[in-house]
file start.cif (mmCIF, N, CA and C atoms)
data_my_file
loop_
_atom_site.label_atom_id
_atom_site.label_comp_id
_atom_site.auth_asym_id
_atom_site.auth_seq_id
_atom_site.Cartn_x
_atom_site.Cartn_y
_atom_site.Cartn_z
N MET A 1 4.13 1.00 20.51
CA MET A 1 3.29 1.38 19.39
C MET A 1 1.83 1.48 19.81
N SER A 2 1.59 1.68 21.08
CA SER A 2 0.22 1.74 21.56
C SER A 2 -0.48 3.03 21.16
N GLY A 3 0.27 4.12 20.90
CA GLY A 3 -0.34 5.39 20.58
C GLY A 3 -0.59 5.61 19.10
N ILE A 4 -0.36 4.60 18.27
CA ILE A 4 -0.50 4.76 16.83
C ILE A 4 -1.90 4.39 16.39
N ASN A 5 -2.51 5.24 15.57
CA ASN A 5 -3.79 4.93 14.96
C ASN A 5 -3.50 4.16 13.66
N TYR A 6 -4.00 2.94 13.57
CA TYR A 6 -3.69 2.08 12.43
C TYR A 6 -4.23 2.66 11.12
N PHE A 7 -5.32 3.40 11.17
CA PHE A 7 -5.89 3.96 9.95
C PHE A 7 -5.09 5.15 9.44
N ASP A 8 -4.22 5.72 10.27
CA ASP A 8 -3.31 6.76 9.80
C ASP A 8 -2.10 6.17 9.09
N VAL A 9 -1.73 4.96 9.44
CA VAL A 9 -0.58 4.29 8.80
C VAL A 9 -0.95 3.84 7.40
N ILE A 10 -2.10 3.19 7.24
CA ILE A 10 -2.56 2.71 5.93
C ILE A 10 -3.44 3.79 5.32
N ARG A 11 -2.97 4.42 4.25
CA ARG A 11 -3.72 5.51 3.64
C ARG A 11 -4.83 5.01 2.71
N SER A 12 -4.45 4.23 1.69
CA SER A 12 -5.44 3.75 0.73
C SER A 12 -4.85 2.58 -0.05
N PRO A 13 -5.72 1.74 -0.62
CA PRO A 13 -5.22 0.68 -1.50
C PRO A 13 -4.82 1.25 -2.86
N LEU A 14 -3.86 0.64 -3.51
CA LEU A 14 -3.48 1.04 -4.86
C LEU A 14 -4.20 0.13 -5.84
N LEU A 15 -5.00 0.71 -6.69
CA LEU A 15 -5.78 -0.06 -7.66
C LEU A 15 -5.32 0.26 -9.07
N THR A 16 -4.06 -0.04 -9.35
CA THR A 16 -3.52 0.16 -10.68
C THR A 16 -3.53 -1.17 -11.43
N GLU A 17 -3.22 -1.12 -12.70
CA GLU A 17 -3.17 -2.35 -13.51
C GLU A 17 -2.08 -3.29 -13.01
N LYS A 18 -0.92 -2.73 -12.67
CA LYS A 18 0.18 -3.55 -12.17
C LYS A 18 -0.17 -4.17 -10.82
N ALA A 19 -0.82 -3.41 -9.95
CA ALA A 19 -1.20 -3.93 -8.63
C ALA A 19 -2.23 -5.04 -8.77
N THR A 20 -3.14 -4.93 -9.72
CA THR A 20 -4.14 -5.96 -9.94
C THR A 20 -3.49 -7.25 -10.46
N ASP A 21 -2.50 -7.12 -11.34
CA ASP A 21 -1.78 -8.30 -11.83
C ASP A 21 -1.03 -8.99 -10.70
N LEU A 22 -0.40 -8.21 -9.81
CA LEU A 22 0.29 -8.79 -8.66
C LEU A 22 -0.68 -9.55 -7.76
N LYS A 23 -1.88 -9.02 -7.59
CA LYS A 23 -2.88 -9.66 -6.74
C LYS A 23 -3.31 -11.00 -7.33
N GLU A 24 -3.55 -11.03 -8.63
CA GLU A 24 -4.04 -12.25 -9.28
C GLU A 24 -2.97 -13.34 -9.36
N LYS A 25 -1.72 -12.96 -9.65
CA LYS A 25 -0.69 -13.95 -9.90
C LYS A 25 0.07 -14.38 -8.64
N LEU A 26 0.37 -13.44 -7.74
CA LEU A 26 1.29 -13.74 -6.65
C LEU A 26 0.71 -13.53 -5.26
N ASN A 27 -0.55 -13.13 -5.15
CA ASN A 27 -1.19 -12.83 -3.87
C ASN A 27 -0.47 -11.69 -3.14
N HIS A 28 0.01 -10.70 -3.91
CA HIS A 28 0.60 -9.48 -3.35
C HIS A 28 -0.46 -8.38 -3.42
N ILE A 29 -0.50 -7.54 -2.39
CA ILE A 29 -1.45 -6.44 -2.36
C ILE A 29 -0.69 -5.15 -2.10
N CYS A 30 -1.05 -4.07 -2.81
CA CYS A 30 -0.35 -2.80 -2.71
C CYS A 30 -1.19 -1.77 -1.97
N PHE A 31 -0.54 -1.00 -1.10
CA PHE A 31 -1.19 0.07 -0.35
C PHE A 31 -0.32 1.32 -0.39
N LYS A 32 -0.96 2.49 -0.36
CA LYS A 32 -0.26 3.73 -0.05
C LYS A 32 -0.22 3.83 1.46
N VAL A 33 0.95 4.15 2.00
CA VAL A 33 1.10 4.23 3.44
C VAL A 33 1.73 5.56 3.83
N ASP A 34 1.69 5.86 5.11
CA ASP A 34 2.28 7.09 5.63
C ASP A 34 3.78 7.07 5.40
N ARG A 35 4.34 8.22 5.03
CA ARG A 35 5.77 8.31 4.73
C ARG A 35 6.64 7.98 5.93
N ARG A 36 6.15 8.22 7.14
CA ARG A 36 6.95 8.00 8.34
C ARG A 36 6.84 6.58 8.88
N ALA A 37 5.95 5.77 8.32
CA ALA A 37 5.71 4.41 8.83
C ALA A 37 6.84 3.47 8.41
N ASN A 38 7.19 2.55 9.31
CA ASN A 38 8.18 1.54 8.98
C ASN A 38 7.48 0.20 8.76
N LYS A 39 8.27 -0.83 8.43
CA LYS A 39 7.69 -2.12 8.09
C LYS A 39 6.92 -2.75 9.25
N LYS A 40 7.43 -2.63 10.45
CA LYS A 40 6.75 -3.20 11.62
C LYS A 40 5.39 -2.55 11.83
N GLN A 41 5.33 -1.22 11.71
CA GLN A 41 4.07 -0.51 11.91
C GLN A 41 3.06 -0.87 10.82
N ILE A 42 3.52 -0.98 9.59
CA ILE A 42 2.63 -1.32 8.49
C ILE A 42 2.09 -2.74 8.66
N THR A 43 2.96 -3.68 9.02
CA THR A 43 2.54 -5.07 9.23
C THR A 43 1.51 -5.16 10.34
N GLU A 44 1.78 -4.51 11.47
CA GLU A 44 0.86 -4.55 12.60
C GLU A 44 -0.49 -3.93 12.24
N ALA A 45 -0.46 -2.82 11.53
CA ALA A 45 -1.71 -2.15 11.15
C ALA A 45 -2.55 -3.04 10.24
N LEU A 46 -1.92 -3.68 9.25
CA LEU A 46 -2.67 -4.55 8.34
C LEU A 46 -3.25 -5.75 9.06
N GLU A 47 -2.48 -6.35 9.96
CA GLU A 47 -2.97 -7.52 10.68
C GLU A 47 -4.12 -7.17 11.60
N LYS A 48 -4.10 -5.98 12.21
CA LYS A 48 -5.18 -5.58 13.11
C LYS A 48 -6.43 -5.14 12.35
N ILE A 49 -6.25 -4.38 11.27
CA ILE A 49 -7.41 -3.86 10.53
C ILE A 49 -8.13 -4.96 9.77
N PHE A 50 -7.39 -5.78 9.01
CA PHE A 50 -8.01 -6.74 8.11
C PHE A 50 -8.03 -8.17 8.64
N ASN A 51 -7.41 -8.40 9.79
CA ASN A 51 -7.40 -9.73 10.42
C ASN A 51 -6.81 -10.79 9.48
N VAL A 52 -5.61 -10.49 8.94
CA VAL A 52 -4.88 -11.40 8.06
C VAL A 52 -3.47 -11.59 8.62
N LYS A 53 -2.74 -12.55 8.07
CA LYS A 53 -1.35 -12.80 8.47
C LYS A 53 -0.44 -12.36 7.33
N VAL A 54 0.44 -11.40 7.61
CA VAL A 54 1.38 -10.88 6.62
C VAL A 54 2.66 -11.72 6.69
N THR A 55 3.07 -12.28 5.55
CA THR A 55 4.30 -13.08 5.53
C THR A 55 5.48 -12.31 4.97
N GLY A 56 5.24 -11.28 4.19
CA GLY A 56 6.33 -10.49 3.63
C GLY A 56 5.87 -9.09 3.31
N ILE A 57 6.82 -8.17 3.33
CA ILE A 57 6.49 -6.78 3.01
C ILE A 57 7.68 -6.12 2.32
N ARG A 58 7.39 -5.37 1.28
CA ARG A 58 8.39 -4.56 0.59
C ARG A 58 7.88 -3.14 0.56
N VAL A 59 8.75 -2.18 0.85
CA VAL A 59 8.35 -0.78 0.92
C VAL A 59 9.23 0.03 -0.01
N LEU A 60 8.62 0.96 -0.74
CA LEU A 60 9.39 1.84 -1.61
C LEU A 60 8.77 3.22 -1.63
N ASN A 61 9.59 4.20 -1.94
CA ASN A 61 9.13 5.57 -2.07
C ASN A 61 8.94 5.90 -3.54
N ALA A 62 7.72 6.21 -3.94
CA ALA A 62 7.44 6.62 -5.32
C ALA A 62 7.78 8.09 -5.43
N LYS A 63 8.66 8.43 -6.33
CA LYS A 63 9.14 9.80 -6.45
C LYS A 63 8.08 10.70 -7.09
N PRO A 64 8.11 11.99 -6.78
CA PRO A 64 7.18 12.92 -7.42
C PRO A 64 7.48 13.03 -8.91
N LYS A 65 6.42 13.15 -9.71
CA LYS A 65 6.59 13.26 -11.15
C LYS A 65 6.44 14.73 -11.57
N LYS A 66 7.24 15.14 -12.52
CA LYS A 66 7.16 16.50 -13.03
C LYS A 66 6.02 16.60 -14.03
N LYS A 67 5.16 17.58 -13.86
CA LYS A 67 3.99 17.77 -14.73
C LYS A 67 3.95 19.20 -15.23
N LYS A 68 3.39 19.39 -16.43
CA LYS A 68 3.25 20.72 -17.01
C LYS A 68 1.79 20.93 -17.40
N LEU A 69 1.34 22.16 -17.21
CA LEU A 69 0.01 22.56 -17.68
C LEU A 69 0.18 23.94 -18.30
N GLY A 70 0.22 23.98 -19.63
CA GLY A 70 0.50 25.24 -20.30
C GLY A 70 1.94 25.67 -20.05
N ARG A 71 2.11 26.90 -19.58
CA ARG A 71 3.47 27.39 -19.30
C ARG A 71 3.91 27.09 -17.88
N SER A 72 2.98 26.74 -17.02
CA SER A 72 3.35 26.48 -15.64
C SER A 72 3.73 25.01 -15.46
N SER A 73 4.67 24.78 -14.58
CA SER A 73 5.09 23.41 -14.31
C SER A 73 5.20 23.21 -12.80
N GLY A 74 5.11 21.97 -12.42
CA GLY A 74 5.19 21.65 -11.01
C GLY A 74 5.41 20.16 -10.84
N PHE A 75 5.15 19.67 -9.64
CA PHE A 75 5.36 18.26 -9.35
C PHE A 75 4.09 17.65 -8.77
N ARG A 76 3.78 16.44 -9.21
CA ARG A 76 2.75 15.64 -8.56
C ARG A 76 3.38 15.07 -7.29
N THR A 77 2.63 14.98 -6.23
CA THR A 77 3.21 14.56 -4.96
C THR A 77 3.66 13.10 -5.02
N GLY A 78 4.73 12.81 -4.33
CA GLY A 78 5.21 11.44 -4.20
C GLY A 78 4.52 10.77 -3.02
N TYR A 79 4.71 9.47 -2.89
CA TYR A 79 4.08 8.73 -1.81
C TYR A 79 4.91 7.50 -1.49
N LYS A 80 4.60 6.87 -0.38
CA LYS A 80 5.27 5.64 0.02
C LYS A 80 4.32 4.48 -0.27
N LYS A 81 4.86 3.43 -0.89
CA LYS A 81 4.05 2.29 -1.30
C LYS A 81 4.55 1.04 -0.59
N ALA A 82 3.61 0.22 -0.12
CA ALA A 82 3.95 -1.05 0.51
C ALA A 82 3.34 -2.18 -0.30
N ILE A 83 4.15 -3.17 -0.65
CA ILE A 83 3.69 -4.36 -1.35
C ILE A 83 3.68 -5.49 -0.33
N ILE A 84 2.50 -6.01 -0.05
CA ILE A 84 2.28 -6.96 1.03
C ILE A 84 2.09 -8.36 0.46
N THR A 85 2.72 -9.36 1.06
CA THR A 85 2.48 -10.76 0.73
C THR A 85 1.68 -11.37 1.87
N LEU A 86 0.54 -11.96 1.55
CA LEU A 86 -0.32 -12.57 2.57
C LEU A 86 -0.08 -14.07 2.64
N LYS A 87 -0.42 -14.64 3.79
CA LYS A 87 -0.34 -16.08 3.98
C LYS A 87 -1.33 -16.76 3.02
N ASP A 88 -1.00 -17.95 2.55
CA ASP A 88 -1.89 -18.67 1.65
C ASP A 88 -3.25 -18.86 2.31
N GLY A 89 -4.30 -18.56 1.57
CA GLY A 89 -5.66 -18.69 2.09
C GLY A 89 -6.23 -17.40 2.62
N ASP A 90 -5.38 -16.42 2.99
CA ASP A 90 -5.87 -15.13 3.48
C ASP A 90 -6.17 -14.21 2.30
N SER A 91 -7.14 -13.36 2.47
CA SER A 91 -7.45 -12.35 1.45
C SER A 91 -8.07 -11.15 2.14
N ILE A 92 -8.12 -10.05 1.41
CA ILE A 92 -8.73 -8.82 1.90
C ILE A 92 -9.96 -8.57 1.05
N ASP A 93 -11.11 -8.35 1.70
CA ASP A 93 -12.40 -8.26 1.01
C ASP A 93 -12.49 -7.11 0.02
N ILE A 94 -11.79 -6.04 0.25
CA ILE A 94 -11.85 -4.88 -0.65
C ILE A 94 -11.46 -5.28 -2.06
N PHE A 95 -10.43 -6.11 -2.18
CA PHE A 95 -9.89 -6.47 -3.48
C PHE A 95 -10.67 -7.59 -4.15
N GLU A 96 -11.44 -8.35 -3.43
CA GLU A 96 -12.22 -9.44 -4.04
C GLU A 96 -13.32 -8.87 -4.93
N LYS A 97 -13.85 -7.72 -4.58
CA LYS A 97 -14.91 -7.10 -5.38
C LYS A 97 -14.37 -6.42 -6.63
N VAL A 98 -13.07 -6.04 -6.60
CA VAL A 98 -12.47 -5.32 -7.73
C VAL A 98 -12.07 -6.27 -8.84
N SER A 99 -11.49 -7.41 -8.50
CA SER A 99 -10.94 -8.34 -9.51
C SER A 99 -11.98 -8.88 -10.44
#

call {"tool": "encode", "arguments": {"input": "start.cif", "output": "structure tokens"}}
result
Amino acid sequence: MSGINYFDVIRSPLLTEKATDLKEKLNHICFKVDRRANKKQITEALEKIFNVKVTGIRVLNAKPKKKKLGRSSGFRTGYKKAIITLKDGDSIDIFEKVS
């Protein structure tokens, strides 16, 4: 995994209401990740970028949603989501400012 750019694996944090509740109650953090990334790559990228210890990870594919605008219809793009559990005491600074 030496040729992987860690910032290509982790796309962006998810800042939804459900993700914020998970952060406050269970110390879970949600990220949008590359569709081709697996759990090992995501874990390694998070540990290298944010200098934290990941104890658990769950990955799911969010399906595209059907949307309509007038008579035309299409799909909103789907994405891959990772729900990360951090070791007790670890945190990511991006989310401390949001809560």

call {"tool": "residues_around", "arguments": {"input": "start.cif", "residues": "Phe50 of chain A", "least_positions_apart": "4", "cutoff": "8 Å", "atoms": "only N, CA and C atoms", "output": "list in words"}}
result
Glu44, Ala45, Leu46, Ser91, Ile92 and Asp93 of chain A

call {"tool": "closest_residue", "arguments": {"input": "start.cif", "among": "A:Arg36, A:His28, A:Lys80, A:Lys48", "to": "Pro64 of chain A", "atoms": "only C-alpha atoms"}}
result
A:Lys80

call {"tool": "select_by_dssp", "arguments": {"input": "start.cif", "residues": "chain A", "states": "alpha helix (DSSP H)", "output": "PyMOL selection string"}}
result
chain A and resi 6-9+17-26+39-50+93-98

call {"tool": "write_last_selection", "arguments": {"input": "start.cif", "atoms": "N, CA and C atoms", "output": "short mmCIF file (atom, residue, chain, number, x, y, z; two decimals), in the frame of the given file"}}
result
data_model
loop_
_atom_site.label_atom_id
_atom_site.label_comp_id
_atom_site.auth_asym_id
_atom_site.auth_seq_id
_atom_site.Cartn_x
_atom_site.Cartn_y
_atom_site.Cartn_z
N TYR A 6 -4.00 2.94 13.57
CA TYR A 6 -3.69 2.08 12.43
C TYR A 6 -4.23 2.66 11.12
N PHE A 7 -5.32 3.40 11.17
CA PHE A 7 -5.89 3.96 9.95
C PHE A 7 -5.09 5.15 9.44
N ASP A 8 -4.22 5.72 10.27
CA ASP A 8 -3.31 6.76 9.80
C ASP A 8 -2.10 6.17 9.09
N VAL A 9 -1.73 4.96 9.44
CA VAL A 9 -0.58 4.29 8.80
C VAL A 9 -0.95 3.84 7.40
N GLU A 17 -3.22 -1.12 -12.70
CA GLU A 17 -3.17 -2.35 -13.51
C GLU A 17 -2.08 -3.29 -13.01
N LYS A 18 -0.92 -2.73 -12.67
CA LYS A 18 0.18 -3.55 -12.17
C LYS A 18 -0.17 -4.17 -10.82
N ALA A 19 -0.82 -3.41 -9.95
CA ALA A 19 -1.20 -3.93 -8.63
C ALA A 19 -2.23 -5.04 -8.77
N THR A 20 -3.14 -4.93 -9.72
CA THR A 20 -4.14 -5.96 -9.94
C THR A 20 -3.49 -7.25 -10.46
N ASP A 21 -2.50 -7.12 -11.34
CA ASP A 21 -1.78 -8.30 -11.83
C ASP A 21 -1.03 -8.99 -10.70
N LEU A 22 -0.40 -8.21 -9.81
CA LEU A 22 0.29 -8.79 -8.66
C LEU A 22 -0.68 -9.55 -7.76
N LYS A 23 -1.88 -9.02 -7.59
CA LYS A 23 -2.88 -9.66 -6.74
C LYS A 23 -3.31 -11.00 -7.33
N GLU A 24 -3.55 -11.03 -8.63
CA GLU A 24 -4.04 -12.25 -9.28
C GLU A 24 -2.97 -13.34 -9.36
N LYS A 25 -1.72 -12.96 -9.65
CA LYS A 25 -0.69 -13.95 -9.90
C LYS A 25 0.07 -14.38 -8.64
N LEU A 26 0.37 -13.44 -7.74
CA LEU A 26 1.29 -13.74 -6.65
C LEU A 26 0.71 -13.53 -5.26
N LYS A 39 8.27 -0.83 8.43
CA LYS A 39 7.69 -2.12 8.09
C LYS A 39 6.92 -2.75 9.25
N LYS A 40 7.43 -2.63 10.45
CA LYS A 40 6.75 -3.20 11.62
C LYS A 40 5.39 -2.55 11.83
N GLN A 41 5.33 -1.22 11.71
CA GLN A 41 4.07 -0.51 11.91
C GLN A 41 3.06 -0.87 10.82
N ILE A 42 3.52 -0.98 9.59
CA ILE A 42 2.63 -1.32 8.49
C ILE A 42 2.09 -2.74 8.66
N THR A 43 2.96 -3.68 9.02
CA THR A 43 2.54 -5.07 9.23
C THR A 43 1.51 -5.16 10.34
N GLU A 44 1.78 -4.51 11.47
CA GLU A 44 0.86 -4.55 12.60
C GLU A 44 -0.49 -3.93 12.24
N ALA A 45 -0.46 -2.82 11.53
CA ALA A 45 -1.71 -2.15 11.15
C ALA A 45 -2.55 -3.04 10.24
N LEU A 46 -1.92 -3.68 9.25
CA LEU A 46 -2.67 -4.55 8.34
C LEU A 46 -3.25 -5.75 9.06
N GLU A 47 -2.48 -6.35 9.96
CA GLU A 47 -2.97 -7.52 10.68
C GLU A 47 -4.12 -7.17 11.60
N LYS A 48 -4.10 -5.98 12.21
CA LYS A 48 -5.18 -5.58 13.11
C LYS A 48 -6.43 -5.14 12.35
N ILE A 49 -6.25 -4.38 11.27
CA ILE A 49 -7.41 -3.86 10.53
C ILE A 49 -8.13 -4.96 9.77
N PHE A 50 -7.39 -5.78 9.01
CA PHE A 50 -8.01 -6.74 8.11
C PHE A 50 -8.03 -8.17 8.64
N ASP A 93 -11.11 -8.35 1.70
CA ASP A 93 -12.40 -8.26 1.01
C ASP A 93 -12.49 -7.11 0.02
N ILE A 94 -11.79 -6.04 0.25
CA ILE A 94 -11.85 -4.88 -0.65
C ILE A 94 -11.46 -5.28 -2.06
N PHE A 95 -10.43 -6.11 -2.18
CA PHE A 95 -9.89 -6.47 -3.48
C PHE A 95 -10.67 -7.59 -4.15
N GLU A 96 -11.44 -8.35 -3.43
CA GLU A 96 -12.22 -9.44 -4.04
C GLU A 96 -13.32 -8.87 -4.93
N LYS A 97 -13.85 -7.72 -4.58
CA LYS A 97 -14.91 -7.10 -5.38
C LYS A 97 -14.37 -6.42 -6.63
N VAL A 98 -13.07 -6.04 -6.60
CA VAL A 98 -12.47 -5.32 -7.73
C VAL A 98 -12.07 -6.27 -8.84
#

call {"tool": "closest_atom_pairs", "arguments": {"input": "start.cif", "of": "segment 30-97 of chain A", "to": "segment 2-19 of chain A", "cutoff": "7 Å", "atoms": "all atoms listed in the file", "output": "JSON lines"}}
result
{"residue": "A:Cys30", "atom": "C", "partner": "A:Leu14", "partner_atom": "N", "distance": 3.9}
{"residue": "A:Phe31", "atom": "CA", "partner": "A:Leu14", "partner_atom": "N", "distance": 4.2}
{"residue": "A:Lys32", "atom": "N", "partner": "A:Ser12", "partner_atom": "C", "distance": 3.9}
{"residue": "A:Val33", "atom": "CA", "partner": "A:Arg11", "partner_atom": "N", "distance": 4.2}
{"residue": "A:Asp34", "atom": "N", "partner": "A:Val9", "partner_atom": "C", "distance": 4.0}
{"residue": "A:Ala37", "atom": "CA", "partner": "A:Val9", "partner_atom": "CA", "distance": 6.3}
{"residue": "A:Gln41", "atom": "C", "partner": "A:Val9", "partner_atom": "CA", "distance": 6.6}
{"residue": "A:Ile42", "atom": "CA", "partner": "A:Val9", "partner_atom": "C", "distance": 6.4}
{"residue": "A:Glu44", "atom": "C", "partner": "A:Tyr6", "partner_atom": "CA", "distance": 6.8}
{"residue": "A:Ala45", "atom": "CA", "partner": "A:Tyr6", "partner_atom": "CA", "distance": 4.8}
{"residue": "A:Leu46", "atom": "N", "partner": "A:Tyr6", "partner_atom": "CA", "distance": 6.8}

call {"tool": "select_by_dssp", "arguments": {"input": "start.cif", "residues": "chain A", "states": "strand (DSSP E or B)", "output": "number ranges by chain"}}
result
A: 10-13, 28-33, 54-62, 66-69, 72-75, 79-86
